[in-house]
Amino acid sequence: MTDIKLQAEKVIKELVEKAGLKKGDLLVVGCSSSEIVGETIGKGSSLEAAQDVFAGIYPYLKEKGIFLAAQCCEHLNRALILEREAAEKRGYEIVCVVPKPKAGGSFATTAFENFSDPVAVEEIKADAGLDIGLTLIGMHLKHVAVPLRLSVDNIGQAHITAARTRPKYIGGERAHYC
C-alpha cells in the first residue's frame, strides 16, 4: 500500500469516530490530487494519487454504511458525485455531467468510476467533511460546521481540514440544549 492510501485510511477512521458518523450519514470529500503530489491546486492532476485516496477512504465508509460525496473541481462548479441511493434518499436534484481528470478532477472521476450507480448533483448538506488540499468544501456542509483536529495534518503534501456538523442552537438565555 502507498503512503497516501495509508494516510487516507488513518484520517477517515479518525474522522468517522470523532464526528460520530453513523449508517446513512453523508460525508463530503474535496480532494486536490495536485496538492497531494506537491503541485498547485488545479495544475498537476494525478489520477494515481486520487485513486490511492479513494482506496483508503471508500471501503471503510462503505463498510460503515456512510455515503461519500466527492466534490468536483471548479470547472464543474464544485458539483458532487454520489451514489444514486444517497441522492434519492435526501431528495437531491440529479444533473447530467460526467467528471474527467481535467474537468471535474481526478478524485471525482475516480468516485464516478467506482460507485455502483453514480450521479451528479449541484448541492448537498453533508453531516461531515474532509478537505484535502484547500478545495473549499464548506458550502456543502450543514449550517453549523465544527472543526475537527485530527492526528494527521497532511495526505501526501496536501494539508487537510476536517469538520463535523451539529444542529443550530436557537433561542435565548432561557433555552436549554440537547
# chains A, B, ... in the order shown; residues from 1 in each chain; ligands from 1
$ residues_around --residues "region 138-148 of chain A" --least-positions-apart "4" --cutoff "7 Å" --atoms "only C-alpha atoms" --output "ChimeraX atom specification"
/A:123-129,162-168
$ closest_atom_pairs --of "region 73-153 of chain A" --to "region 29-35 of chain A" --cutoff "6 Å" --atoms "only C-alpha atoms" --output "JSON lines"
{"residue": "A:Gly129", "atom": "CA", "partner": "A:Val29", "partner_atom": "CA", "distance": 5.8}
{"residue": "A:Leu130", "atom": "CA", "partner": "A:Val29", "partner_atom": "CA", "distance": 4.8}
{"residue": "A:Asp131", "atom": "CA", "partner": "A:Gly30", "partner_atom": "CA", "distance": 4.9}
{"residue": "A:Ile132", "atom": "CA", "partner": "A:Cys31", "partner_atom": "CA", "distance": 4.6}
{"residue": "A:Gly133", "atom": "CA", "partner": "A:Ser32", "partner_atom": "CA", "distance": 5.1}
{"residue": "A:Thr135", "atom": "CA", "partner": "A:Gly30", "partner_atom": "CA", "distance": 5.5}
$ residues_around --residues "Leu61 (chain A)" --least-positions-apart "2" --cutoff "10 Å" --atoms "only C-alpha atoms" --output "VMD selection string"
chain A and resid 12 to 13 16 21 to 23 25 to 27 56 to 59 63 to 68
$ residues_around --residues "Val119 (chain A)" --least-positions-apart "3" --cutoff "6 Å" --atoms "only C-alpha atoms" --output "tab-separated table (two decimals) with C-alpha atoms, in the first residue's frame"
chain	number	residue	atom	x	y	z
A	81	ILE	CA	-20.65	12.78	-7.32
A	82	LEU	CA	-22.53	10.34	-5.11
A	84	ARG	CA	-27.96	7.45	-6.67
$ residues_around --residues "region 96-106 of chain A" --least-positions-apart "5" --cutoff "12 Å" --atoms "only C-alpha atoms" --output "ChimeraX atom specification"
/A:30-36,41-54,70-82,111-113,118-122,135
$ write_last_selection --atoms "C-alpha atoms" --output "CSV table (one decimal), in the first residue's frame"
chain,number,residue,atom,x,y,z
A,30,GLY,CA,-12.9,17.6,-1.7
A,31,CYS,CA,-9.5,16.3,-2.9
A,32,SER,CA,-6.8,18.1,-4.8
A,33,SER,CA,-4.6,15.4,-6.3
A,34,SER,CA,-2.3,18.2,-7.5
A,35,GLU,CA,-1.7,19.4,-3.9
A,36,ILE,CA,-1.1,15.8,-2.8
A,41,ILE,CA,-4.2,23.1,-6.9
A,42,GLY,CA,-5.5,22.6,-10.5
A,43,LYS,CA,-2.1,22.4,-12.0
A,44,GLY,CA,-0.8,18.8,-11.6
A,45,SER,CA,-3.8,16.4,-11.5
A,46,SER,CA,-2.8,12.9,-10.5
A,47,LEU,CA,-5.2,10.1,-11.2
A,48,GLU,CA,-2.9,7.7,-9.2
A,49,ALA,CA,-2.9,9.9,-6.1
A,50,ALA,CA,-6.7,10.3,-6.3
A,51,GLN,CA,-7.1,6.6,-6.7
A,52,ASP,CA,-4.9,6.0,-3.6
A,53,VAL,CA,-7.0,8.4,-1.5
A,54,PHE,CA,-10.3,6.8,-2.7
A,70,ALA,CA,-16.9,13.5,-4.0
A,71,GLN,CA,-16.7,17.2,-4.8
A,72,CYS,CA,-15.8,18.1,-8.3
A,73,CYS,CA,-13.4,21.0,-9.1
A,74,GLU,CA,-14.4,24.5,-10.1
A,75,HIS,CA,-14.7,23.5,-13.8
A,76,LEU,CA,-17.9,21.7,-12.8
A,77,ASN,CA,-18.9,24.4,-10.3
A,78,ARG,CA,-18.0,22.1,-7.5
A,79,ALA,CA,-20.8,19.7,-8.3
A,80,LEU,CA,-20.8,16.4,-6.3
A,81,ILE,CA,-20.7,12.8,-7.3
A,82,LEU,CA,-22.5,10.3,-5.1
A,111,ALA,CA,-15.5,8.1,-7.5
A,112,PHE,CA,-17.7,8.1,-10.6
A,113,GLU,CA,-15.8,5.1,-12.0
A,118,PRO,CA,-23.0,7.3,-9.7
A,119,VAL,CA,-24.9,10.5,-10.2
A,120,ALA,CA,-24.0,14.2,-10.1
A,121,VAL,CA,-25.8,16.8,-8.0
A,122,GLU,CA,-25.2,20.5,-7.6
A,135,THR,CA,-10.7,22.6,-2.0
$ select_by_dssp --residues "chain A" --states "strand (DSSP E)" --output "ChimeraX atom specification"
/A:26-31,67-71,80-83,94-95,118-121,128-132,144-148,154-155,158-166
$ write_last_selection --atoms "N, CA and C atoms" --output "compact mmCIF listing (two decimals), in the first residue's frame"
# COMPACT_ATOMS: atom_id res chain seq x y z
N LEU A 26 -23.87 11.36 5.55
CA LEU A 26 -23.23 11.78 4.30
C LEU A 26 -21.95 12.55 4.61
N LEU A 27 -20.85 12.13 4.01
CA LEU A 27 -19.55 12.77 4.17
C LEU A 27 -19.10 13.32 2.83
N VAL A 28 -18.78 14.62 2.79
CA VAL A 28 -18.26 15.22 1.57
C VAL A 28 -16.74 15.25 1.64
N VAL A 29 -16.11 14.91 0.52
CA VAL A 29 -14.66 14.97 0.42
C VAL A 29 -14.30 15.79 -0.81
N GLY A 30 -13.51 16.82 -0.57
CA GLY A 30 -12.88 17.58 -1.65
C GLY A 30 -11.43 17.19 -1.66
N CYS A 31 -10.90 16.87 -2.82
CA CYS A 31 -9.54 16.33 -2.88
C CYS A 31 -8.77 16.90 -4.07
N PHE A 67 -22.43 7.36 3.36
CA PHE A 67 -22.37 7.76 1.96
C PHE A 67 -21.24 8.77 1.73
N LEU A 68 -20.54 8.63 0.62
CA LEU A 68 -19.48 9.54 0.21
C LEU A 68 -19.98 10.43 -0.91
N ALA A 69 -19.73 11.73 -0.78
CA ALA A 69 -19.97 12.68 -1.86
C ALA A 69 -18.61 13.25 -2.25
N ALA A 70 -18.22 13.05 -3.49
CA ALA A 70 -16.93 13.53 -3.99
C ALA A 70 -17.13 14.86 -4.71
N GLN A 71 -16.53 15.90 -4.17
CA GLN A 71 -16.67 17.23 -4.76
C GLN A 71 -15.84 17.34 -6.03
N LEU A 80 -21.16 17.56 -7.16
CA LEU A 80 -20.78 16.42 -6.34
C LEU A 80 -21.20 15.12 -6.99
N ILE A 81 -20.36 14.11 -6.82
CA ILE A 81 -20.65 12.78 -7.32
C ILE A 81 -20.99 11.90 -6.12
N LEU A 82 -22.14 11.24 -6.18
CA LEU A 82 -22.53 10.34 -5.11
C LEU A 82 -23.36 9.20 -5.68
N GLU A 83 -23.62 8.23 -4.83
CA GLU A 83 -24.45 7.11 -5.25
C GLU A 83 -25.89 7.60 -5.42
N ILE A 94 -30.76 15.53 -9.44
CA ILE A 94 -29.66 14.96 -10.23
C ILE A 94 -29.45 15.80 -11.48
N VAL A 95 -28.20 16.05 -11.83
CA VAL A 95 -27.84 16.78 -13.04
C VAL A 95 -27.00 15.88 -13.94
N PRO A 118 -23.41 5.86 -9.95
CA PRO A 118 -23.05 7.25 -9.67
C PRO A 118 -23.95 8.26 -10.36
N VAL A 119 -24.19 9.37 -9.65
CA VAL A 119 -24.92 10.50 -10.21
C VAL A 119 -24.21 11.78 -9.76
N ALA A 120 -24.54 12.88 -10.43
CA ALA A 120 -24.02 14.19 -10.05
C ALA A 120 -25.17 15.04 -9.54
N VAL A 121 -24.88 15.85 -8.53
CA VAL A 121 -25.83 16.83 -8.01
C VAL A 121 -25.08 18.14 -7.82
N ALA A 128 -20.61 15.76 7.61
CA ALA A 128 -19.20 15.98 7.94
C ALA A 128 -18.45 16.16 6.64
N GLY A 129 -17.21 16.63 6.76
CA GLY A 129 -16.43 16.86 5.55
C GLY A 129 -14.94 16.70 5.76
N LEU A 130 -14.27 16.40 4.67
CA LEU A 130 -12.82 16.29 4.64
C LEU A 130 -12.32 17.07 3.44
N ASP A 131 -11.50 18.07 3.70
CA ASP A 131 -10.93 18.91 2.66
C ASP A 131 -9.46 18.56 2.53
N ILE A 132 -9.09 18.01 1.40
CA ILE A 132 -7.71 17.62 1.14
C ILE A 132 -7.13 18.58 0.11
N VAL A 144 -24.04 24.52 10.67
CA VAL A 144 -23.09 24.71 11.76
C VAL A 144 -21.99 23.66 11.67
N ALA A 145 -20.85 24.09 11.14
CA ALA A 145 -19.70 23.21 11.00
C ALA A 145 -18.76 23.42 12.18
N VAL A 146 -18.27 22.31 12.71
CA VAL A 146 -17.35 22.35 13.85
C VAL A 146 -16.04 21.72 13.40
N PRO A 147 -14.94 22.49 13.45
CA PRO A 147 -13.65 21.93 13.02
C PRO A 147 -13.24 20.75 13.90
N LEU A 148 -12.61 19.78 13.27
CA LEU A 148 -12.08 18.63 14.00
C LEU A 148 -10.55 18.62 13.86
N ASN A 154 -1.67 16.05 6.99
CA ASN A 154 -1.50 16.01 5.54
C ASN A 154 -1.79 14.63 4.99
N ILE A 155 -2.21 14.62 3.74
CA ILE A 155 -2.22 13.41 2.93
C ILE A 155 -1.31 13.74 1.76
N ALA A 158 -0.57 17.50 0.70
CA ALA A 158 -1.76 18.35 0.81
C ALA A 158 -2.19 18.50 2.26
N HIS A 159 -2.41 19.72 2.68
CA HIS A 159 -2.94 19.99 4.01
C HIS A 159 -4.39 19.51 4.07
N ILE A 160 -4.80 18.96 5.21
CA ILE A 160 -6.19 18.53 5.35
C ILE A 160 -6.89 19.32 6.45
N THR A 161 -8.18 19.49 6.27
CA THR A 161 -9.06 20.09 7.25
C THR A 161 -10.30 19.22 7.34
N ALA A 162 -10.75 18.96 8.56
CA ALA A 162 -11.93 18.12 8.75
C ALA A 162 -12.96 18.86 9.59
N ALA A 163 -14.22 18.52 9.38
CA ALA A 163 -15.30 19.14 10.16
C ALA A 163 -16.44 18.16 10.32
N ARG A 164 -17.16 18.35 11.42
CA ARG A 164 -18.43 17.66 11.64
C ARG A 164 -19.47 18.77 11.70
N THR A 165 -20.71 18.40 11.72
CA THR A 165 -21.76 19.41 11.86
C THR A 165 -22.60 19.09 13.09
N ARG A 166 -23.34 20.09 13.53
CA ARG A 166 -24.27 19.91 14.65
C ARG A 166 -25.50 20.75 14.37
$ atom_distance --atom1 "CA of Thr110 (chain A)" --atom2 "CA of Thr2 (chain A)"
16.7 Å
$ select_by_dssp --residues "region 71-151 of chain A" --states "helix (DSSP H, G or I)" --output "list in words"
Glu74, His75, Leu76, Arg84, Glu85, Ala86, Ala87, Glu88, Lys89, Arg90, Ser106, Phe107, Ala108, Thr109, Thr110, Ala111, Phe112, Glu113, Asn114, Gly138, Met139 and His140 of chain A
$ closest_residue --among "A:Ala86, A:Cys178, A:Leu134, A:Val152" --to "Leu6 (chain A)" --atoms "only C-alpha atoms"
A:Val152
$ atom_distance --atom1 "CA of Ser151 (chain A)" --atom2 "CA of Asp3 (chain A)"
15.4 Å
$ closest_residue --among "A:Gly172, A:Lys18, A:Gln157, A:Glu39" --to "Ile4 (chain A)" --atoms "only C-alpha atoms"
A:Gln157
